[in-house]
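Asks: Got a structure here, written out as structure tokens. Questions coming.
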Amino acid sequence: MTIKPATPLMTPKDAVAGQADRRKPAPLPRVIVLIGLMGAGKTTIGRRLAHALDLPFIDADQEIERAAGCSVSEIFDRHGEAAFREGERRVIQRLLDGRPMVLATGGGAFMNPQTRQIIRENGHSVWLRCPLNILRKRLEGRPGRPLLADGNISEVLETLRKTRHHIYAEADIIVDCGDETVRSAVERVVTALSSHNPPARLPIALPDHPYDIVIGSDVLDRAGALLAPILQQRRAVIVTDARVAPLYLSRLEASLHEVGFETHAEIIPGGEESKSFTQYAQLCENVLTHGVERRTAVIGLGGGVVGDLSGFVAATLLRGVPFVQIPTTLLAQVDSSVGGKTGINTARGKNLVGAFHQPSAVLTDTSTLRTLPRRERVAGYAEIVKAGLIGDRDLFTWCEANGAALLEGDEKTIQEGVRRACAFKASVVLEDEREISPIMVAPC
Ligand SMILES: Nc1ncnc2c1ncn2[C@@H]1O[C@H](COP(=O)(O)OP(=O)(O)OP(=O)(O)O)[C@@H](O)[C@H]1O
Ligand SMILES: O=C(O)C1=C[C@@H](O)[C@@H](O)[C@H](O)C1
Ligand SMILES: [Mg+2]
């Protein structure tokens, strides 16, 4: 079997953040983009933050004013809000060219999907989240903000909160700012930036269906922010089992709700018996009764049984809906969640009815392994060793040096093991996505 060279394991952004070598403390990000409602302090905090980090400071509103030769209010008056928004998008695109800086955006900038994508690709976004009563006090009697020109400030702010907070929640980092001094707000942002530990991303470069395996600790709490840019609809059906649900379902739901997802959960009994025609039919009926559309995602939260069954439901409901895997056993993290194989068992054997259905993303939260019995962890580790034995000498050598720490539950070591095993498996999948070559069909 020929193994393709490993796919790039890190996005440039992760590499900048120091993910390439986990032994070194991550350096602070060098392109920091502040977002949040009017009056949150993006300009004020941003200027001081840039000074503290010895970075240039740029205020997008001021850049737009300079380019237009008039104030934001005058742009709104003369050309209308749509023209301002278009100018804002162009200015931010021009500014974020890789140069290190602290960029304070206007309150509406992050609402534009293209601008969000530019920020995501080129910087680290920080949402300055501030209670509305404080914003109101700061903004009262201060001209220059056209959205507040006519209308009651509290009402305008409440409308903006409703329409914007769930989008701001997609930021890489959220910092709660209140009535403290600007200095302590800056300190808070610096602390958040230095403790920020972005997950590693392993791109699976399938020609027709590329996606990422995102690996990190507490990824579950950021699931909403990670999935919102990928999924076409903020609606999802979560499938999980009776053991996993009390442990992790509410955290997943909370992170999805934070970015405006509507969710419905289906809880199946744990164990291999659930990979049956009966359970499959029941699940399909339940989901259809609840209501599902072509763009509604099915999210499998659990081990291999949940992943295989929910994946098959996703592959077949309405002839296929988007699917997300959130594997919570080590075995599922290194094996069944990679490759798009879904299915159920029949009386004649395991996995005999199923489909290839690649996920839109795999979110691997290694902190969920803390509640996994050691026996299950050993089973997952055996799969990592197997990958090393059959085709990845470096991985096997890595296991010899790090196996004990992994089995002890050291999370950084687990993340590295998962990443290496998934990279190996991904190279096999890229070679032969549908397991057509004879070697792939062999039971290994
Ligand atoms: N702790 C604080 N953090 C941030 N700003 C504060 C703080 N205390 C007072 N302010 C004041 O709040 C006002 C609003 O701040 P600023 O103009 O920086 O907000 P902004 O987020 O840039 O708003 P906009 O989106 O309208 O540009 C300023 O007058 C600032 O001095
Ligand atoms: O919240 C907003 O939409 C705005 C905020 C300001 O920074 C300016 O960009 C403009 O007044 C619009
Ligand atoms: Mg400002």
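Residue numbering restarts at 1 in every chain; chains get A, B, ... in the order shown in the structure tokens, and ligands count up from 1 in that same order.
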Which residues are near ligand 1 in this structure, taking near to mean any atom at most 9 Å from a ligand atom and counting only C-alpha atoms and all ligand atoms? Format them as a VMD selection string.
Replies: chain A and resid 34 to 47 59 to 61 104 to 108 128 130 134 to 135 137 to 139 142 144 to 145 177 to 186
Asks: So that I can check the surroundings of stretch 353-361 of chain A, please list as a ChimeraX atom specification every protein, DNA and RNA residue that reaches within 9 Å of it, counting only C-alpha atoms and ignoring chain neighbours fewer than 4 positions away.
Replies: /A:209-214,227,230-231,308-309,311-312,314-316,320,322-326,337-346,433-434
Asks: Suppose we keep C-alpha atoms; can you now write the selection as a compact mmCIF listing (two decimals), in the first residue's frame?
Replies:
# COMPACT_ATOMS: atom_id res chain seq x y z
CA HIS A 209 -15.85 17.18 -0.14
CA PRO A 210 -12.97 18.80 1.76
CA TYR A 211 -13.42 19.23 5.49
CA ASP A 212 -11.41 19.67 8.66
CA ILE A 213 -10.91 17.50 11.70
CA VAL A 214 -10.65 20.02 14.55
CA LEU A 227 -19.86 25.12 12.82
CA ILE A 230 -19.53 25.77 7.68
CA LEU A 231 -23.20 24.82 7.88
CA ASP A 308 -22.20 5.18 12.48
CA LEU A 309 -25.95 5.26 13.11
CA GLY A 311 -24.17 9.20 9.94
CA PHE A 312 -26.36 6.66 8.16
CA ALA A 314 -27.79 11.77 7.72
CA ALA A 315 -26.78 9.92 4.55
CA THR A 316 -30.30 8.72 3.83
CA GLY A 320 -28.70 13.13 2.38
CA PRO A 322 -25.15 17.58 6.25
CA PHE A 323 -23.45 15.55 8.94
CA VAL A 324 -21.09 16.52 11.78
CA GLN A 325 -19.21 14.06 13.97
CA ILE A 326 -18.35 14.87 17.57
CA SER A 337 -14.99 9.43 12.64
CA VAL A 338 -12.46 9.53 9.79
CA GLY A 339 -13.41 8.35 6.33
CA GLY A 340 -17.14 8.89 6.03
CA LYS A 341 -18.19 5.28 6.61
CA THR A 342 -21.64 5.04 8.16
CA GLY A 343 -23.96 2.11 8.69
CA ILE A 344 -25.86 -0.39 10.80
CA ASN A 345 -25.61 -4.10 11.54
CA THR A 346 -27.80 -6.88 10.14
CA GLU A 433 -12.10 6.95 -0.48
CA ARG A 434 -14.51 4.08 -1.23
Asks: So which residues touch A:Leu407 within 10 Å, counting only C-alpha atoms, skipping near sequence neighbours fewer than 3 positions away, as a list in words?
Replies: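 Skipping anything fewer than 3 positions along the chain leaves Arg374, Arg375, Arg377, Val378, Gly380, Tyr381, Asn402, Gly403, Ala404, Asp410, Glu411, Thr413 and Ile414 of chain A.
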Asks: Since we have the selection now, will you write its residues out, keeping N, CA and C atoms, as a PDB file, in the first residue's frame?
Replies:
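Done, and the output landed in again_0.pdb:
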ATOM      1  N   ARG A 374     -10.839   3.522  31.493  1.00  0.00           N
ATOM      2  CA  ARG A 374      -9.501   3.240  30.990  1.00  0.00           C
ATOM      3  C   ARG A 374      -9.515   2.144  29.909  1.00  0.00           C
ATOM      4  N   ARG A 375     -10.358   1.148  30.126  1.00  0.00           N
ATOM      5  CA  ARG A 375     -10.442   0.044  29.161  1.00  0.00           C
ATOM      6  C   ARG A 375     -10.743   0.583  27.749  1.00  0.00           C
ATOM      7  N   ARG A 377     -10.112   3.592  26.704  1.00  0.00           N
ATOM      8  CA  ARG A 377      -8.961   4.376  26.235  1.00  0.00           C
ATOM      9  C   ARG A 377      -7.909   3.433  25.630  1.00  0.00           C
ATOM     10  N   VAL A 378      -7.745   2.281  26.288  1.00  0.00           N
ATOM     11  CA  VAL A 378      -6.774   1.294  25.777  1.00  0.00           C
ATOM     12  C   VAL A 378      -7.215   0.819  24.385  1.00  0.00           C
ATOM     13  N   GLY A 380      -8.834   2.448  22.159  1.00  0.00           N
ATOM     14  CA  GLY A 380      -8.512   3.505  21.188  1.00  0.00           C
ATOM     15  C   GLY A 380      -7.025   3.550  20.909  1.00  0.00           C
ATOM     16  N   TYR A 381      -6.236   3.370  21.973  1.00  0.00           N
ATOM     17  CA  TYR A 381      -4.783   3.414  21.804  1.00  0.00           C
ATOM     18  C   TYR A 381      -4.327   2.264  20.898  1.00  0.00           C
ATOM     19  N   ASN A 402       5.533   7.694  23.730  1.00  0.00           N
ATOM     20  CA  ASN A 402       4.459   8.480  24.359  1.00  0.00           C
ATOM     21  C   ASN A 402       3.240   7.685  24.803  1.00  0.00           C
ATOM     22  N   GLY A 403       3.248   6.385  24.534  1.00  0.00           N
ATOM     23  CA  GLY A 403       2.073   5.557  24.839  1.00  0.00           C
ATOM     24  C   GLY A 403       1.653   5.629  26.298  1.00  0.00           C
ATOM     25  N   ALA A 404       2.638   5.591  27.203  1.00  0.00           N
ATOM     26  CA  ALA A 404       2.307   5.566  28.634  1.00  0.00           C
ATOM     27  C   ALA A 404       1.593   6.862  29.029  1.00  0.00           C
ATOM     28  N   ASP A 410      -2.796  12.133  29.649  1.00  0.00           N
ATOM     29  CA  ASP A 410      -2.210  13.459  29.398  1.00  0.00           C
ATOM     30  C   ASP A 410      -2.813  14.035  28.109  1.00  0.00           C
ATOM     31  N   GLU A 411      -3.477  15.180  28.254  1.00  0.00           N
ATOM     32  CA  GLU A 411      -4.311  15.627  27.141  1.00  0.00           C
ATOM     33  C   GLU A 411      -3.524  16.090  25.916  1.00  0.00           C
ATOM     34  N   THR A 413      -0.714  14.934  24.962  1.00  0.00           N
ATOM     35  CA  THR A 413      -0.222  13.725  24.293  1.00  0.00           C
ATOM     36  C   THR A 413      -1.371  13.050  23.534  1.00  0.00           C
ATOM     37  N   ILE A 414      -2.539  13.029  24.146  1.00  0.00           N
ATOM     38  CA  ILE A 414      -3.692  12.428  23.448  1.00  0.00           C
ATOM     39  C   ILE A 414      -3.966  13.200  22.149  1.00  0.00           C
TER      40      ILE A 414
END
Asks: Atom CA of A:Leu318 to atom CA of A:Leu256: how many Å, to one decimal?
Replies: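 Distance between the two atoms: 23.1 Å.
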Asks: For stretch 74-90 of chain A, please output as JSON, numbers by chain all residues within 9 Å (counting only C-alpha atoms; exclusion window: fewer than 3 positions along the same chain).
Replies: {"A": [60, 61, 63, 64, 65, 67, 68, 70, 71, 93, 94, 95, 105, 106, 108, 109, 112, 114, 115, 146]}
Asks: Can you tell me, as a list in words, what residues are no more than 9 Å from A:Cys422 when counting only C-alpha atoms, ignoring any on the same chain fewer than 4 positions away?
Replies: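 After dropping sequence-adjacent residues, the list is Leu202, Ile213, Gln333, Val334, Asp335, Val338, Ile384, Gly417, Val418, Ala426 and Ser427 of chain A.
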Asks: Between A:Ile436, A:Ala421, A:Val305, A:Leu103, single out the one closest to ligand 3, counting only C-alpha atoms and all ligand atoms.
Replies: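 Checking each of A:Ile436, A:Ala421, A:Val305, A:Leu103 against ligand 3, counting only C-alpha atoms and all ligand atoms, the winner is A:Leu103.
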Asks: What parts of stretch 191-229 of chain A does DSSP call strand (DSSP E or B)? I'd like the answer as a PyMOL selection string.
Replies: chain A and resi 200-204+211-216
Asks: Suppose we keep N, CA and C atoms; can you now write the selection as a tab-separated table (two decimals), in the first residue's frame?
Replies:
chain	number	residue	atom	x	y	z
A	200	ALA	N	-6.09	22.40	16.95
A	200	ALA	CA	-5.37	22.05	15.71
A	200	ALA	C	-6.40	21.67	14.64
A	201	ARG	N	-6.03	21.90	13.41
A	201	ARG	CA	-6.93	21.53	12.30
A	201	ARG	C	-6.20	20.60	11.36
A	202	LEU	N	-6.83	19.50	11.07
A	202	LEU	CA	-6.27	18.56	10.11
A	202	LEU	C	-7.18	18.60	8.88
A	203	PRO	N	-6.72	19.20	7.80
A	203	PRO	CA	-7.60	19.27	6.62
A	203	PRO	C	-7.68	17.92	5.92
A	204	ILE	N	-8.87	17.51	5.58
A	204	ILE	CA	-9.06	16.28	4.79
A	204	ILE	C	-9.41	16.77	3.38
A	211	TYR	N	-12.97	18.79	4.17
A	211	TYR	CA	-13.42	19.23	5.49
A	211	TYR	C	-12.27	19.15	6.46
A	212	ASP	N	-12.47	19.67	7.65
A	212	ASP	CA	-11.41	19.67	8.66
A	212	ASP	C	-11.79	18.76	9.82
A	213	ILE	N	-10.76	18.11	10.38
A	213	ILE	CA	-10.91	17.50	11.70
A	213	ILE	C	-10.29	18.51	12.67
A	214	VAL	N	-11.10	19.00	13.60
A	214	VAL	CA	-10.65	20.02	14.55
A	214	VAL	C	-10.37	19.31	15.87
A	215	ILE	N	-9.15	19.43	16.36
A	215	ILE	CA	-8.77	18.65	17.55
A	215	ILE	C	-8.31	19.59	18.66
A	216	GLY	N	-8.96	19.50	19.83
A	216	GLY	CA	-8.53	20.36	20.93
A	216	GLY	C	-9.29	20.03	22.20
Asks: I'd like the neighbourhood of A:Gly141 as a PyMOL selection string, where a residue qualifies if any of its atoms comes within 12 Å (using only C-alpha atoms), though same-chain residues fewer than 5 positions away should be ignored.
Replies: chain A and resi 135-136+148-149+152-153
Asks: Could you take the residues named above and write them with C-alpha atoms, as a PDB file, in the first residue's frame?
Replies:
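Here's the written file part.pdb:
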ATOM      1  CA  LEU A 135     -23.153  50.941  26.559  1.00  0.00           C
ATOM      2  CA  ARG A 136     -26.155  53.217  26.947  1.00  0.00           C
ATOM      3  CA  LEU A 148     -28.341  56.281  17.135  1.00  0.00           C
ATOM      4  CA  ALA A 149     -29.266  59.546  15.418  1.00  0.00           C
ATOM      5  CA  ASN A 152     -34.310  55.655  21.664  1.00  0.00           C
ATOM      6  CA  ILE A 153     -30.767  54.453  22.514  1.00  0.00           C
TER       7      ILE A 153
END
Asks: Choose the residue, out of A:Ala254, A:Ala171, A:Ala192, A:Ala347, that has the smallest atom-to-atom separation from A:Phe277; count only C-alpha atoms.
Replies: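 Using only C-alpha atoms, A:Phe277 sits closest to A:Ala347.
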